[in-house]
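*Asks:* One structure, as C-alpha cells, below. Some questions next.
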Amino acid sequence: MASPGTVIISEMNSTRREIWSDIHLYTKLYTPEDRQRGYFDPSLFYNTEPFTMRFNEQHKLLMQGDSFDKADSTVYRARLVNDVLTIDLRQKPGQLCYAVTLLTPNVTLTVGPKTSLSLLLQSGQLHVTTYMVTEELANQLKQPLHEINRVRSQVNTVRQAALDRPERDPRKRKASALNNLSTPCAPYRPCSPTTTPPPY
Amino acid sequence: MPLNLKTRQPRVLFFNKSEEFDPEQCWSEKEFTVNPNEEHVLLIASLPKIHIMWLDEDKQLKSNNILQSGHFLGYSICMKQQDMTVTVGKNTKLSLLLNSDHFYVVPFFMDQENFIKLYNKKSIADTTAAAADPAPK
C-alpha cells in the first residue's frame, strides 16, 4: 500500500494472465488561493483511490468533477478552411484522457491516493498515450466505477445503520447470544416431534 | 502601438520540452505581439499525438492507429481588452501566457494534415523580417 501522494515501484510478484484494464478517476484539487486556470494542468488533478499496475495491464486515467473542472481538459475540433483555422464550437468538444502501460516487464507500480497526475505521468516508468473522448464515452467509461461507488455507499449505509442499532446486526446478535451462555437458559422444549432432544 | 499586422491569424510555435504535454514546459520560439484585432494560433511542436477513442457497434473501445495517424493540440488566443496589446518575449512559458488572464483561450485539436499545413505556414514575424531585410545576392 502506497502512502498518499506517492508512486512506488516494486518487483513484480504476481501477474494476471489475461489482458486487464482499469479506469481511474482524477479530481481537480482546489486551494483557497487557487483561481481558475486557462489551461489543463495535470499537476492539479489527483486520484481518490489507490491502484496498482502490472506489466500486462492498461490503465485509463479520466478527469471528473463539475463541468467547471472538466472544462480544463476540454478541447474543440479544428481544421483549415482556405488556409484559415476554423474551430468548430457547435460540435460537442472532446475531453483529454490518458492510457498508461508499464514500460518494464518485471515491476509493479503502486499509486497512493491523492497522487498528482503529473507525478504519475512523469514517473518515467510509463508508456503514455493521450486520447480524446466524447463526453458521452467518458461518462460510459466512468459508469462501472460509479456503480461500484453506489454499492459501496449502500453497504456503508447498512453497516452504519447496523452499528447504530446493534439489535439488528446479526453479528452482534450472535455475539450477545454467546455472551449470554453463562446465564441460566430456559428449559429446552422441542418444537417439533421429529427433533431429538439433547441429552441432559 | 506596434504595426497593425494584416494577417488575422499569425501562428506562433511553442516547443515542448517534456515527454508529455505540460504548459509549464512549453516555450515560445520567438517574440511576438498580440493586438486586439488578431487571433493568434499557438502550435505546440514536439508534442505526442492525441488519438481518438470511440465505442464501436459492439460497444468495444476502438482508437485510431497509434503509429500512423493522430491529432495535435493547439490554442487559439484573442485579447480580452480592445485598448491594449501584449508582447510575449522569446522563451516564454506557455503557462504564463495562458494564465495571464488577458486572453480568451480556446484549446483545439486538428488532424496531422491540417497541422502540418499550419505548421509550415510562415509566421508573420518571418514574413515581416524577410520583407524588411532581403537576403544579399
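Residue numbering restarts at 1 in every chain; chains get A, B, ... in the order shown in the C-alpha cells, and ligands count up from 1 in that same order.
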For the contact check between chain B and chain A, emit one row per residue of chain B within 8 Å, containing the shortest atom pair and the distance in Å rounded to one decimal, counting only C-alpha atoms, chain then rising number order, as JSON lines.
*Replies:*
```
{"residue": "B:Gln9", "atom": "CA", "partner": "A:Val84", "partner_atom": "CA", "distance": 7.4}
{"residue": "B:Glu19", "atom": "CA", "partner": "A:Gln122", "partner_atom": "CA", "distance": 7.7}
{"residue": "B:Glu20", "atom": "CA", "partner": "A:Leu121", "partner_atom": "CA", "distance": 7.3}
{"residue": "B:Asp22", "atom": "CA", "partner": "A:Asp41", "partner_atom": "CA", "distance": 7.0}
{"residue": "B:Pro23", "atom": "CA", "partner": "A:Asp41", "partner_atom": "CA", "distance": 7.3}
{"residue": "B:Pro48", "atom": "CA", "partner": "A:Thr130", "partner_atom": "CA", "distance": 7.7}
{"residue": "B:Lys49", "atom": "CA", "partner": "A:Thr130", "partner_atom": "CA", "distance": 7.1}
{"residue": "B:Ile50", "atom": "CA", "partner": "A:Thr130", "partner_atom": "CA", "distance": 5.0}
{"residue": "B:His51", "atom": "CA", "partner": "A:Tyr131", "partner_atom": "CA", "distance": 4.6}
{"residue": "B:Ile52", "atom": "CA", "partner": "A:Met132", "partner_atom": "CA", "distance": 4.8}
{"residue": "B:Met53", "atom": "CA", "partner": "A:Val133", "partner_atom": "CA", "distance": 5.5}
{"residue": "B:Trp54", "atom": "CA", "partner": "A:Val133", "partner_atom": "CA", "distance": 6.7}
{"residue": "B:Leu55", "atom": "CA", "partner": "A:Leu137", "partner_atom": "CA", "distance": 7.3}
{"residue": "B:Ser95", "atom": "CA", "partner": "A:Tyr39", "partner_atom": "CA", "distance": 7.4}
{"residue": "B:Leu98", "atom": "CA", "partner": "A:Gly38", "partner_atom": "CA", "distance": 5.3}
{"residue": "B:Asn99", "atom": "CA", "partner": "A:Gly38", "partner_atom": "CA", "distance": 5.3}
{"residue": "B:Asp101", "atom": "CA", "partner": "A:Gly38", "partner_atom": "CA", "distance": 7.5}
{"residue": "B:Val105", "atom": "CA", "partner": "A:Gly38", "partner_atom": "CA", "distance": 6.7}
{"residue": "B:Val106", "atom": "CA", "partner": "A:Val75", "partner_atom": "CA", "distance": 7.5}
{"residue": "B:Pro107", "atom": "CA", "partner": "A:Val75", "partner_atom": "CA", "distance": 5.0}
{"residue": "B:Phe108", "atom": "CA", "partner": "A:Tyr76", "partner_atom": "CA", "distance": 4.4}
{"residue": "B:Phe109", "atom": "CA", "partner": "A:Arg77", "partner_atom": "CA", "distance": 5.2}
{"residue": "B:Met110", "atom": "CA", "partner": "A:Ala78", "partner_atom": "CA", "distance": 5.1}
{"residue": "B:Asp111", "atom": "CA", "partner": "A:Arg79", "partner_atom": "CA", "distance": 7.5}
{"residue": "B:Asn114", "atom": "CA", "partner": "A:Leu80", "partner_atom": "CA", "distance": 6.0}
{"residue": "B:Leu118", "atom": "CA", "partner": "A:Asp83", "partner_atom": "CA", "distance": 7.7}
```
*Asks:* Could you name the residues that touch His102 (chain B) at 10 Å or less, counting only C-alpha atoms, but leaving out those on the same chain fewer than 6 positions away, as a ChimeraX atom specification?
*Replies:* /B:77-81,84-86
*Asks:* Run DSSP on the backbone of this structure and report the residues of region 45-139 of chain A it assigns to strand (DSSP E), as a PyMOL selection string.
*Replies:* chain A and resi 45-47+51-53+57-64+74-81+84-87+94-102+107-111+126-134
*Asks:* Can you write just those residues out, C-alpha atoms, as a tab-separated table (two decimals), in the first residue's frame?
*Replies:*
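And here's again.tsv as it stands now:
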```tsv
chain	number	residue	atom	x	y	z
A	45	PHE	CA	-5.62	16.62	-10.72
A	46	TYR	CA	-5.44	13.90	-8.06
A	47	ASN	CA	-6.69	10.32	-7.83
A	51	PHE	CA	-4.28	1.44	-7.50
A	52	THR	CA	-1.58	-0.97	-8.61
A	53	MET	CA	-0.40	-1.53	-12.18
A	57	GLU	CA	-2.26	-4.02	-17.95
A	58	GLN	CA	-3.60	-0.87	-19.50
A	59	HIS	CA	-4.99	1.73	-17.13
A	60	LYS	CA	-7.08	4.66	-18.29
A	61	LEU	CA	-6.99	7.94	-16.42
A	62	LEU	CA	-10.04	10.17	-16.76
A	63	MET	CA	-10.85	13.57	-15.31
A	64	GLN	CA	-14.01	14.00	-13.33
A	74	THR	CA	-11.95	20.14	-22.94
A	75	VAL	CA	-10.70	20.70	-26.49
A	76	TYR	CA	-12.53	21.63	-29.69
A	77	ARG	CA	-12.16	20.15	-33.14
A	78	ALA	CA	-10.47	22.47	-35.65
A	79	ARG	CA	-9.48	22.37	-39.33
A	80	LEU	CA	-8.15	24.63	-42.03
A	81	VAL	CA	-10.69	26.19	-44.35
A	84	VAL	CA	-7.73	29.81	-42.11
A	85	LEU	CA	-8.01	27.95	-38.84
A	86	THR	CA	-11.67	27.26	-38.13
A	87	ILE	CA	-12.66	25.98	-34.72
A	94	GLY	CA	-13.82	16.26	-26.54
A	95	GLN	CA	-12.07	15.55	-23.29
A	96	LEU	CA	-8.45	14.58	-22.85
A	97	CYS	CA	-7.67	11.35	-21.06
A	98	TYR	CA	-4.66	9.07	-20.79
A	99	ALA	CA	-3.99	5.37	-21.29
A	100	VAL	CA	-0.88	4.18	-19.48
A	101	THR	CA	1.05	0.92	-19.56
A	102	LEU	CA	4.23	-0.05	-17.74
A	107	VAL	CA	7.89	-4.37	-11.92
A	108	THR	CA	4.61	-3.25	-10.45
A	109	LEU	CA	3.73	0.34	-9.82
A	110	THR	CA	1.54	1.30	-6.89
A	111	VAL	CA	-0.04	4.73	-6.83
A	126	LEU	CA	5.02	4.54	-18.17
A	127	HIS	CA	4.20	4.48	-21.81
A	128	VAL	CA	1.59	7.24	-22.02
A	129	THR	CA	-0.91	7.66	-24.86
A	130	THR	CA	-3.13	10.72	-24.88
A	131	TYR	CA	-6.68	10.15	-26.06
A	132	MET	CA	-9.64	12.27	-26.93
A	133	VAL	CA	-13.06	11.00	-25.89
A	134	THR	CA	-16.52	12.47	-26.19
```
*Asks:* B:Lys90, B:Asp83, B:Ser100, B:Lys121: which is nearest Pro36 (chain B), counting only C-alpha atoms?
*Replies:*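 Residue with the minimum atom-to-atom distance to Pro36 (chain B): B:Asp83.
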*Asks:* DSSP on the backbone: what in region 18-106 of chain B comes out alpha helix (DSSP H), as a PyMOL selection string?
*Replies:* chain B and resi 94-98
*Asks:* Would you save the residues of that selection, restricted to N, CA and C atoms, as a tab-separated table (two decimals), in the first residue's frame?
*Replies:*
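Generated file (result.tsv):
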```
chain	number	residue	atom	x	y	z
B	94	LEU	N	4.41	28.76	-21.95
B	94	LEU	CA	3.02	28.78	-22.41
B	94	LEU	C	2.06	28.98	-21.24
B	95	SER	N	2.39	28.39	-20.10
B	95	SER	CA	1.51	28.51	-18.93
B	95	SER	C	1.39	29.95	-18.49
B	96	LEU	N	2.47	30.70	-18.57
B	96	LEU	CA	2.44	32.11	-18.17
B	96	LEU	C	1.48	32.89	-19.07
B	97	LEU	N	1.56	32.58	-20.36
B	97	LEU	CA	0.71	33.27	-21.33
B	97	LEU	C	-0.77	32.92	-21.11
B	98	LEU	N	-1.04	31.63	-20.97
B	98	LEU	CA	-2.43	31.20	-20.82
B	98	LEU	C	-3.03	31.65	-19.49
```
